[in-house]
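Since the structure comes first, as structure tokens, the remarks are kept for the end.
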Amino acid sequence: MRLLYSLLWYALLPLLFARLWWRGRRAPAYRRRWRERLALGLGRGRLRGSVWIHAVSVGETLAAAPLIEALLARHPDTPLVVTTTTPTGSERVQALFGDRVTHVYCPWELPAAYRRFWRAFDPRLVVILETELWPNLCAAAKAHGARLLLMNGRLSENSYRGYRRLPKLVRPMLARFDLLAVQTRAEADRFQALGADPERIRVNGSVKFDLTLDDSLRDQAAALRQRFAARPVWIAASTHPGEDEPVLAAHRRVLERHPDALLMLVPRHPERFDEVAGLAARHGMTVARRSRGDQVDASVNLYLADTMGELLMLFGAADVAFVGGSLVPVGGHNLLEPAAWGVPVLTGPRLHNFTAIADLLDRAGALSRVTDEDVLASRVGALLDDAGERRRLGEAAAAVVAANRGALQRGVTICSSLWPSRSGL
């Protein structure tokens, strides 16, 4: 089965390159460093005895950042290789860690590419974050004698049903893991049902609960909020195509009720910044762009946050937060970032990637679900009217975050238990 799977990947190579070219129309970085997708040009013996940590894009990188920082501090003599699949993820890794880690793009699922990767970096431990389950990557790790760890693992019901259709591919893949540290008991049960050894599964919680709001971040949020004066402010974060239109329509209705209201709009992908700015203008909005340092005077009713790596700070400058990827079938994004600030959290109904976190917030009465622009406008308007209700919902959300901390330290302990020895290297 894995041979057929590998042959399919080789057959799809022309389409993979075409996809890079296509995405490069809006984001030219996709067309750069393409050789890394095949693990070409990495050299031989570049590092020995490294630890490889694989994330996907910005969200996974930011969630893993405290874990990576803790591992750098605990194991300063072990080289870390951090891979992502997107240019935005690459930019975040380089901005957060500089030359303290080595960043390259994760190779495509090709056995020959993984062999070249191992010749360059010789990883002795592979830490896969969240949902990046790749049969050939897992097979390569064990073929080269590396330990394999899933950290902050999650498996939605939809993904579980998909994996269940391919038992001859999935069971051997899961059997190769030395340990699977998953977020919830429900996910542990799904992994076990797919064939993972229950003795190798640990319910560890989510490291997303361990985010830190340090003094610098708080100062930045306070400074931004001061620019908005006493205006009511709501944020629509991580929006995708198909969400900006209802968000803008909702804001028009909010303005009828609160003429001085300001919307901070944060598209998920940077290649859409200009497109969303034009869309907002066509909806009659007066737009100030963060990247240009535009002034936010009384005439501005939309603040386009067209920068990267600032989302957590931006939540701290808002009165109400809507988290996108949830009105369209993306599966939602991190609800805990606004919750940590004590900001009321709104989301759409499509949350299959964050079911457990949404359930915790739901049980605490700290999450508002909206189905369309009308409900979004009504809920935002009502919360901007009622400071007491905002405070109640925000405190309930912050309490959920505080009550579920600890996965980071447990994760560091788990990683260290599998850490490669430097003796003899």
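Order determines the names: the first chain of the structure tokens is A, the second B, and so forth; residues in each chain are numbered 1 upward, and ligands are numbered 1 upward as they are shown.
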>> If you run DSSP on the backbone here, which positions in range 31-246 of chain A get strand (DSSP E)? Please write them as a PyMOL selection string.
In response: chain A and resi 50-54+80-84+102-105+123-129+147-153+179-182+201-203+233-239
I need the chosen residues saved as a short mmCIF file (atom, residue, chain, number, x, y, z; two decimals), in the first residue's frame, with C-alpha atoms.
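Heads up, here's the output in result-v7.cif:
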data_model
loop_
_atom_site.label_atom_id
_atom_site.label_comp_id
_atom_site.auth_asym_id
_atom_site.auth_seq_id
_atom_site.Cartn_x
_atom_site.Cartn_y
_atom_site.Cartn_z
CA SER A 50 19.68 16.86 15.50
CA VAL A 51 16.06 17.01 16.59
CA TRP A 52 13.54 17.72 13.85
CA ILE A 53 10.35 19.63 14.78
CA HIS A 54 7.74 19.83 12.05
CA LEU A 80 17.08 21.91 16.20
CA VAL A 81 15.74 21.71 12.66
CA VAL A 82 12.29 23.30 12.32
CA THR A 83 10.31 22.71 9.13
CA THR A 84 7.15 24.28 7.81
CA THR A 102 17.78 25.71 11.26
CA HIS A 103 14.72 26.23 9.10
CA VAL A 104 14.01 24.49 5.80
CA TYR A 105 10.78 23.51 4.09
CA PRO A 123 17.64 13.75 13.04
CA ARG A 124 17.58 11.33 15.98
CA LEU A 125 14.17 12.50 17.20
CA VAL A 126 11.29 13.66 15.00
CA VAL A 127 8.58 15.72 16.72
CA ILE A 128 5.45 16.10 14.60
CA LEU A 129 2.98 18.74 15.70
CA ARG A 147 12.48 8.16 17.57
CA LEU A 148 9.09 9.48 16.53
CA LEU A 149 6.79 11.63 18.66
CA LEU A 150 3.42 13.23 17.95
CA MET A 151 3.06 16.33 20.13
CA ASN A 152 -0.14 18.29 20.75
CA GLY A 153 -1.85 15.68 18.58
CA LEU A 179 4.72 8.13 21.71
CA LEU A 180 1.56 10.03 20.80
CA ALA A 181 0.89 12.98 23.14
CA VAL A 182 -2.67 14.01 22.28
CA ILE A 201 -0.72 7.25 23.96
CA ARG A 202 -0.65 10.07 26.52
CA VAL A 203 -3.43 12.59 27.05
CA VAL A 233 -13.52 48.12 18.77
CA TRP A 234 -14.18 44.61 17.49
CA ILE A 235 -11.81 42.34 15.64
CA ALA A 236 -12.49 39.75 12.92
CA ALA A 237 -9.37 37.57 12.91
CA SER A 238 -7.98 34.95 10.51
CA THR A 239 -10.70 35.44 7.91
#
> Using only C-alpha atoms, which residues sit within 12 Å of Glu373 in chain A once same-chain residues fewer than 3 positions away are excluded, as a list in words?
Replying inline: Gly242, Glu243, Asp244, Glu245, Pro246, Val247, Leu248, Ala249, Ala250, His251, Arg252, Arg253, Val254, Phe322, Leu327, Thr347, Gly348, Arg369, Val370, Leu376, Ala377, Ser378, Arg379, Val380 and Gly381 of chain A
> Near range 406-416 of chain A, counting only C-alpha atoms, which residues have an atom at most 7 Å away, once you skip same-chain residues fewer than 2 positions from it, shown as a PyMOL selection string?
Replying inline: chain A and resi 67+70-71+204-207+210+404+418-419
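CA of Met264 in chain A is positioned 13.9 Å from CA of Asp297 in chain A.
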> Looking only at the backbone, which of the residues in range 31-125 of chain A does DSSP tag as alpha helix (DSSP H), as a VMD selection string?
Replying inline: chain A and resid 58 to 74 87 to 97 111 to 121
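Minimum atom-to-atom distance to Phe117 in chain A, evaluated using only C-alpha atoms, belongs to A:His144 out of A:Arg31, A:Lys168, A:His144, A:Arg218.
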>> Could you tell me how far CA of Ser417 in chain A sits from CA of Ala140 in chain A, in Å to one decimal place?
In response: 21.2 Å
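CA of Met313 in chain A lies 15.0 Å from CA of Ser291 in chain A.
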>> For Arg171 in chain A, find every residue with an atom within 8 Å (counting only C-alpha atoms), except residues of its own chain fewer than 6 positions away, and show them as a ChimeraX atom specification.
In response: /A:194-196
Put those residues in a file: N, CA and C atoms, as a short mmCIF file (atom, residue, chain, number, x, y, z; two decimals), in the first residue's frame.
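Dumped everything to out-v2.cif:
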data_model
loop_
_atom_site.label_atom_id
_atom_site.label_comp_id
_atom_site.auth_asym_id
_atom_site.auth_seq_id
_atom_site.Cartn_x
_atom_site.Cartn_y
_atom_site.Cartn_z
N LEU A 194 -7.78 3.51 15.46
CA LEU A 194 -7.09 3.40 14.17
C LEU A 194 -5.90 2.45 14.23
N GLY A 195 -5.55 1.97 15.43
CA GLY A 195 -4.48 1.00 15.52
C GLY A 195 -3.28 1.40 16.34
N ALA A 196 -3.29 2.60 16.93
CA ALA A 196 -2.16 3.01 17.77
C ALA A 196 -2.14 2.18 19.05
#
> Nearest to Ser90 in chain A among A:Leu224, A:Leu314, A:Ala63, A:Val56, with distances taken over only C-alpha atoms: which residue is it?
Replying inline: A:Val56
> Which of these residues is nearest to Ala29 in chain A, using only C-alpha atoms: A:His258, A:Phe209, A:Glu271, A:Arg390?
Replying inline: A:Glu271
